[in-house]
>>> print(open('coords.txt').read())   # compact mmCIF, C-alpha atoms
# COMPACT_ATOMS: atom_id res chain seq x y z
CA MET A 1094 -27.60 2.52 -4.65
CA ASN A 1095 -27.89 0.00 -1.82
CA ARG A 1096 -24.94 0.47 0.59
CA ARG A 1097 -24.08 -3.21 0.62
CA LEU A 1098 -24.01 -3.36 -3.18
CA TYR A 1099 -21.91 -0.19 -3.22
CA TYR A 1100 -19.25 -1.81 -1.02
CA ASP A 1101 -19.41 -5.07 -2.96
CA ILE A 1102 -18.48 -3.10 -6.09
CA PHE A 1103 -16.02 -0.87 -4.21
CA SER A 1104 -14.15 -3.98 -3.04
CA LEU A 1105 -12.77 -4.37 -6.57
CA PHE A 1106 -10.78 -1.13 -6.17
CA TYR A 1107 -10.61 -0.71 -2.39
CA ASP A 1108 -7.04 -1.81 -1.66
CA ARG A 1109 -5.50 0.35 -4.39
CA ILE A 1110 -7.47 3.44 -3.36
CA ILE A 1111 -6.62 3.04 0.32
CA ALA A 1112 -2.93 2.53 -0.48
CA LEU A 1113 -2.85 5.74 -2.53
CA HIS A 1114 -4.76 7.74 0.06
CA SER A 1115 -2.98 6.61 3.21
CA ARG A 1116 0.56 6.43 1.77
CA ASP A 1117 1.07 3.58 4.23
CA SER A 1118 2.93 1.01 2.17
CA SER A 1119 4.62 -0.45 5.26
CA ALA A 1120 1.31 -0.95 7.11
CA GLY A 1121 2.64 1.23 9.93
CA LEU A 1122 -0.77 2.77 10.62
CA ARG A 1123 -2.44 -0.61 11.04
CA LYS A 1124 0.36 -1.74 13.36
CA PHE A 1125 -0.10 1.43 15.42
CA LEU A 1126 -3.85 0.77 15.69
CA ILE A 1127 -3.29 -2.84 16.73
CA GLU A 1128 -0.75 -1.84 19.37
CA LYS A 1129 -3.18 0.70 20.84
CA SER A 1130 -5.87 -1.98 20.99
CA GLY A 1131 -3.80 -3.97 23.46
CA ALA A 1132 -4.06 -7.15 21.38
CA GLY A 1133 -1.35 -9.64 22.21
CA GLY A 1134 -1.32 -8.70 25.87
CA ASP A 1135 -3.39 -10.28 28.62
CA HIS A 1136 -6.26 -10.87 26.18
CA SER A 1137 -5.41 -12.99 23.15
CA SER A 1138 -8.28 -12.28 20.76
CA LEU A 1139 -9.01 -9.40 18.41
CA LEU A 1140 -12.15 -8.49 16.47
CA ASP A 1141 -11.85 -5.98 13.63
CA ILE A 1142 -15.23 -4.53 12.67
CA CYS A 1143 -15.96 -3.04 9.24
CA THR A 1144 -12.84 -4.99 8.29
CA GLY A 1145 -13.14 -4.48 4.54
CA THR A 1146 -10.56 -6.67 2.83
CA GLY A 1147 -9.08 -7.75 6.17
CA ALA A 1148 -6.05 -5.46 6.34
CA VAL A 1149 -6.08 -5.14 10.14
CA PRO A 1150 -6.43 -8.87 10.98
CA LEU A 1151 -3.76 -9.66 8.40
CA ALA A 1152 -1.41 -7.09 9.93
CA ALA A 1153 -2.10 -8.58 13.37
CA ALA A 1154 -1.32 -12.05 12.00
CA ALA A 1155 2.05 -10.76 10.81
CA MET A 1156 2.72 -9.23 14.23
CA TYR A 1157 1.56 -12.04 16.52
CA GLY A 1158 1.27 -15.19 14.40
CA GLY A 1159 -0.96 -17.75 16.08
CA ALA A 1160 -0.70 -16.15 19.51
CA VAL A 1161 -3.84 -14.07 18.94
CA ARG A 1162 -7.21 -15.34 17.70
CA LEU A 1163 -8.28 -13.00 14.90
CA THR A 1164 -11.74 -12.24 13.54
CA GLY A 1165 -12.81 -9.76 10.87
CA LEU A 1166 -16.44 -8.68 10.49
CA ASP A 1167 -18.03 -6.88 7.54
CA PHE A 1168 -21.46 -6.75 5.92
CA SER A 1169 -20.09 -6.83 2.37
CA SER A 1170 -19.62 -10.22 0.73
CA GLY A 1171 -17.38 -8.58 -1.88
CA MET A 1172 -15.03 -7.21 0.76
CA LEU A 1173 -14.92 -10.53 2.61
CA LYS A 1174 -14.22 -12.45 -0.58
CA LYS A 1175 -11.07 -10.33 -0.95
CA ALA A 1176 -10.21 -10.86 2.72
CA TYR A 1177 -10.51 -14.65 2.41
CA SER A 1178 -8.30 -14.57 -0.68
CA ARG A 1179 -5.63 -12.50 1.07
CA ALA A 1180 -5.63 -14.83 4.09
CA SER A 1181 -5.63 -18.07 2.10
CA GLY A 1182 -1.84 -18.49 2.15
CA LEU A 1183 -1.45 -18.11 5.91
CA SER A 1184 -0.58 -21.08 8.09
CA GLY A 1185 -0.38 -21.46 11.85
CA VAL A 1186 -2.74 -18.50 12.32
CA SER A 1187 -6.25 -18.48 13.79
CA ILE A 1188 -8.13 -16.06 11.52
CA SER A 1189 -11.75 -16.04 10.44
CA PHE A 1190 -14.12 -13.65 8.69
CA VAL A 1191 -17.80 -13.17 9.47
CA GLN A 1192 -20.42 -11.49 7.31
CA ALA A 1193 -22.71 -9.53 9.61
CA ASP A 1194 -23.88 -6.04 10.53
CA ALA A 1195 -21.61 -4.34 13.09
CA SER A 1196 -24.69 -2.82 14.77
CA SER A 1197 -25.94 -6.32 15.65
CA MET A 1198 -22.99 -8.65 16.02
CA PRO A 1199 -23.49 -12.43 16.23
CA PHE A 1200 -21.15 -12.84 19.21
CA ARG A 1201 -21.74 -13.46 22.91
CA ASP A 1202 -21.04 -10.84 25.55
CA ASN A 1203 -17.44 -10.58 26.78
CA THR A 1204 -15.95 -12.54 23.87
CA PHE A 1205 -12.97 -10.50 22.60
CA GLY A 1206 -9.95 -9.02 24.32
CA ALA A 1207 -9.67 -6.19 21.80
CA VAL A 1208 -11.92 -4.62 19.16
CA THR A 1209 -10.65 -2.37 16.36
CA CYS A 1210 -12.19 -0.32 13.57
CA SER A 1211 -10.23 1.47 10.86
CA HIS A 1212 -11.49 4.47 8.87
CA ALA A 1213 -15.14 3.42 8.89
CA MET A 1214 -17.01 5.02 11.80
CA TYR A 1215 -17.42 8.40 10.10
CA GLU A 1216 -19.28 6.72 7.24
CA LEU A 1217 -22.06 5.45 9.52
CA ARG A 1218 -25.30 7.25 10.31
CA PRO A 1219 -25.22 8.66 13.86
CA ASP A 1220 -27.84 6.22 15.16
CA VAL A 1221 -26.06 3.25 13.56
CA ARG A 1222 -22.69 4.42 14.90
CA GLU A 1223 -24.10 4.59 18.42
CA ASN A 1224 -25.33 1.01 18.11
CA VAL A 1225 -21.96 -0.14 16.76
CA LEU A 1226 -20.10 1.43 19.69
CA ALA A 1227 -22.53 -0.19 22.12
CA GLU A 1228 -22.00 -3.56 20.42
CA ALA A 1229 -18.22 -3.13 20.51
CA SER A 1230 -18.46 -2.61 24.27
CA ARG A 1231 -20.81 -5.57 24.70
CA VAL A 1232 -18.54 -8.10 22.98
CA LEU A 1233 -15.39 -6.87 24.75
CA VAL A 1234 -14.19 -8.56 27.92
CA HIS A 1235 -13.99 -6.34 30.99
CA GLY A 1236 -10.67 -4.56 30.82
CA GLY A 1237 -10.52 -5.04 27.03
CA ARG A 1238 -9.86 -2.10 24.77
CA PHE A 1239 -11.67 -0.63 21.78
CA ALA A 1240 -9.44 1.29 19.35
CA MET A 1241 -10.56 3.10 16.21
CA MET A 1242 -8.58 4.96 13.57
CA GLU A 1243 -9.90 7.91 11.58
CA HIS A 1244 -8.48 10.57 9.29
CA CYS A 1245 -7.30 13.84 10.80
CA GLU A 1246 -8.86 16.93 9.28
CA PRO A 1247 -6.55 17.99 6.42
CA GLU A 1248 -4.54 21.16 6.94
CA LYS A 1249 -4.64 22.41 3.35
CA PRO A 1250 -7.82 24.52 2.84
CA PHE A 1251 -8.97 22.96 -0.44
CA ILE A 1252 -8.36 19.39 0.74
CA ARG A 1253 -10.12 20.23 4.01
CA PHE A 1254 -13.08 21.56 2.00
CA LEU A 1255 -13.31 18.32 0.00
CA TYR A 1256 -13.02 16.31 3.21
CA ARG A 1257 -15.93 18.17 4.80
CA VAL A 1258 -18.03 17.84 1.66
CA ARG A 1259 -17.36 14.09 1.75
CA LEU A 1260 -18.51 13.83 5.37
CA ALA A 1261 -21.62 15.93 4.76
CA GLY A 1262 -22.42 13.85 1.69
CA LEU A 1263 -22.41 10.68 3.76
CA GLY A 1264 -25.43 11.78 5.76
CA GLN A 1265 -25.93 14.36 8.46
CA SER A 1266 -23.88 17.20 9.91
CA ALA A 1267 -23.37 14.98 12.96
CA ASN A 1268 -20.77 13.09 10.90
CA LEU A 1269 -18.62 16.22 10.80
CA ASP A 1270 -19.08 16.83 14.52
CA PHE A 1271 -18.01 13.26 15.21
CA ALA A 1272 -14.95 13.51 12.96
CA LYS A 1273 -13.80 16.72 14.68
CA ASN A 1274 -13.82 15.15 18.16
CA GLU A 1275 -14.69 11.50 18.63
CA VAL A 1276 -13.72 11.37 22.30
CA PRO A 1277 -17.11 12.40 23.81
CA TYR A 1278 -18.89 9.77 21.72
CA LEU A 1279 -16.60 6.99 22.91
CA ARG A 1280 -16.93 8.13 26.52
CA ARG A 1281 -20.58 7.05 26.43
CA HIS A 1282 -19.40 3.44 26.21
CA PHE A 1283 -15.77 3.28 27.42
CA SER A 1284 -13.57 4.68 30.16
CA ASN A 1285 -10.09 6.23 29.96
CA VAL A 1286 -10.72 7.42 26.39
CA THR A 1287 -7.59 8.81 24.75
CA MET A 1288 -6.74 10.23 21.33
CA GLU A 1289 -3.25 9.97 19.79
CA LYS A 1290 -1.95 11.05 16.41
CA ALA A 1291 -0.72 8.17 14.28
CA PRO A 1292 2.73 8.23 12.62
CA GLY A 1293 2.73 10.72 9.77
CA GLY A 1294 0.01 12.86 11.31
CA ARG A 1295 -2.64 12.04 8.71
CA SER A 1296 -4.67 9.75 10.96
CA LYS A 1297 -5.53 9.48 14.65
CA VAL A 1298 -6.39 6.62 16.98
CA ILE A 1299 -9.02 6.99 19.68
CA PHE A 1300 -9.16 4.22 22.24
CA GLY A 1301 -10.90 3.37 25.49
CA VAL A 1302 -11.38 0.51 27.96
CA LYS A 1303 -14.48 -1.46 28.90
CA ALA A 1304 -14.81 -0.93 32.63
>>> encode(input="coords.txt", output="structure tokens")
Amino acid sequence: MNRRLYYDIFSLFYDRIIALHSRDSSAGLRKFLIEKSGAGGDHSSLLDICTGTGAVPLAAAAMYGGAVRLTGLDFSSGMLKKAYSRASGLSGVSISFVQADASSMPFRDNTFGAVTCSHAMYELRPDVRENVLAEASRVLVHGGRFAMMEHCEPEKPFIRFLYRVRLAGLGQSANLDFAKNEVPYLRRHFSNVTMEKAPGGRSKVIFGVKA
């Protein structure tokens, strides 16, 4: 099945599945990711790539209101239709959604103060992921921060086995290498790369700065 069509269909169930998997009913993980991105500080714009149904921009809107210009990018029209619907009741907030490929973003260099990505990088082919990271660096302002959230490897053996099968099924063994330690990959594009466990210990945030 075409990946874009897959995500268009998946958008119908996405929010419920993510809520069950992450056990993050209070959106604490998204808030943690946004805080690590540095949004709301010296730079007042945030781009969330592979935004899905817009959970990260919407969480940032709740945190900062109209003080931060928010943009979500995804290649799935189904996902973005959900994102638009979820954002339709907001007022006094600068939020927009763009349908585009994260490996070739339609933005100028040095546009955003912060770029985020939540639980999506491990699903990309290694060559595509490298392009996405390069694009994230390109559109960041100097001194801006890229922050991404991914699942930690499960501790329970059977769940860990299923997790590894899932990663291998997405493409190449490089996906598993990336998921085990994302830091070296980010260091190709960012400085001061750091990894921190998110609240609850089920996810981690890796972040770095555009020099």
>>> residues_around(input="coords.txt", residues="Met1241 (chain A)", least_positions_apart="2", cutoff="10 Å", atoms="all atoms listed in the file", output="JSON, numbers by chain")
{"A": [1126, 1127, 1129, 1130, 1141, 1142, 1208, 1209, 1210, 1211, 1212, 1213, 1214, 1239, 1243, 1275, 1279, 1288, 1297, 1298, 1299, 1300, 1301]}
>>> closest_atom_pairs(input="coords.txt", of="region 1121-1185 of chain A", to="region 1219-1236 of chain A", cutoff="12 Å", atoms="all atoms listed in the file", output="Markdown table")
| residue | atom | partner | partner_atom | distance |
| --- | --- | --- | --- | --- |
| A:Ser1130 | CA | A:Gly1236 | CA | 11.2 |
| A:Gly1131 | CA | A:Gly1236 | CA | 10.1 |
| A:Ala1132 | CA | A:Gly1236 | CA | 11.8 |
| A:Gly1134 | CA | A:Gly1236 | CA | 11.4 |
| A:Asp1135 | CA | A:Gly1236 | CA | 9.5 |
| A:His1136 | CA | A:Val1234 | CA | 8.4 |
| A:Ser1137 | CA | A:Val1234 | CA | 10.9 |
| A:Ser1138 | CA | A:Leu1233 | CA | 9.8 |
| A:Leu1139 | CA | A:Leu1233 | CA | 9.3 |
| A:Leu1140 | CA | A:Leu1233 | CA | 9.0 |
| A:Asp1141 | CA | A:Ala1229 | CA | 9.8 |
| A:Ile1142 | CA | A:Ala1229 | CA | 8.5 |
| A:Cys1143 | CA | A:Val1225 | CA | 10.0 |
| A:Leu1166 | CA | A:Ala1229 | CA | 11.6 |
>>> residues_near_point(input="coords.txt", point="(-1.2, -3.9, 14.2)", cutoff="9 Å", atoms="only C-alpha atoms", output="VMD selection string")
chain A and resid 1120 to 1130 1132 1149 to 1157
>>> write_last_selection(input="coords.txt", atoms="C-alpha atoms", output="PDB file, in the coordinates of the input")
ATOM      1  CA  ALA A1120       1.310  -0.950   7.110  1.00  0.00           C
ATOM      2  CA  GLY A1121       2.640   1.230   9.930  1.00  0.00           C
ATOM      3  CA  LEU A1122      -0.770   2.770  10.620  1.00  0.00           C
ATOM      4  CA  ARG A1123      -2.440  -0.610  11.040  1.00  0.00           C
ATOM      5  CA  LYS A1124       0.360  -1.740  13.360  1.00  0.00           C
ATOM      6  CA  PHE A1125      -0.100   1.430  15.420  1.00  0.00           C
ATOM      7  CA  LEU A1126      -3.850   0.770  15.690  1.00  0.00           C
ATOM      8  CA  ILE A1127      -3.290  -2.840  16.730  1.00  0.00           C
ATOM      9  CA  GLU A1128      -0.750  -1.840  19.370  1.00  0.00           C
ATOM     10  CA  LYS A1129      -3.180   0.700  20.840  1.00  0.00           C
ATOM     11  CA  SER A1130      -5.870  -1.980  20.990  1.00  0.00           C
ATOM     12  CA  ALA A1132      -4.060  -7.150  21.380  1.00  0.00           C
ATOM     13  CA  VAL A1149      -6.080  -5.140  10.140  1.00  0.00           C
ATOM     14  CA  PRO A1150      -6.430  -8.870  10.980  1.00  0.00           C
ATOM     15  CA  LEU A1151      -3.760  -9.660   8.400  1.00  0.00           C
ATOM     16  CA  ALA A1152      -1.410  -7.090   9.930  1.00  0.00           C
ATOM     17  CA  ALA A1153      -2.100  -8.580  13.370  1.00  0.00           C
ATOM     18  CA  ALA A1154      -1.320 -12.050  12.000  1.00  0.00           C
ATOM     19  CA  ALA A1155       2.050 -10.760  10.810  1.00  0.00           C
ATOM     20  CA  MET A1156       2.720  -9.230  14.230  1.00  0.00           C
ATOM     21  CA  TYR A1157       1.560 -12.040  16.520  1.00  0.00           C
TER      22      TYR A1157
END
>>> atom_distance(input="coords.txt", atom1="CA of Leu1183 (chain A)", atom2="CA of Ala1148 (chain A)")
13.5 Å
>>> closest_residue(input="coords.txt", among="A:Glu1246, A:Ser1178, A:Thr1164, A:Leu1173", to="Phe1200 (chain A)", atoms="only C-alpha atoms")
A:Thr1164
>>> atom_distance(input="coords.txt", atom1="CA of Ser1170 (chain A)", atom2="CA of Gly1145 (chain A)")
9.5 Å
>>> atom_distance(input="coords.txt", atom1="CA of Arg1281 (chain A)", atom2="CA of Arg1238 (chain A)")
14.2 Å
>>> closest_residue(input="coords.txt", among="A:Gly1147, A:Gly1133, A:Pro1250, A:Pro1199", to="Met1172 (chain A)", atoms="all atoms listed in the file")
A:Gly1147
>>> closest_residue(input="coords.txt", among="A:Ser1184, A:Lys1175, A:Leu1269, A:Val1161", to="Ala1207 (chain A)", atoms="all atoms listed in the file")
A:Val1161
>>> closest_residue(input="coords.txt", among="A:Lys1174, A:His1244, A:Thr1144, A:Asp1194", to="Arg1295 (chain A)", atoms="all atoms listed in the file")
A:His1244
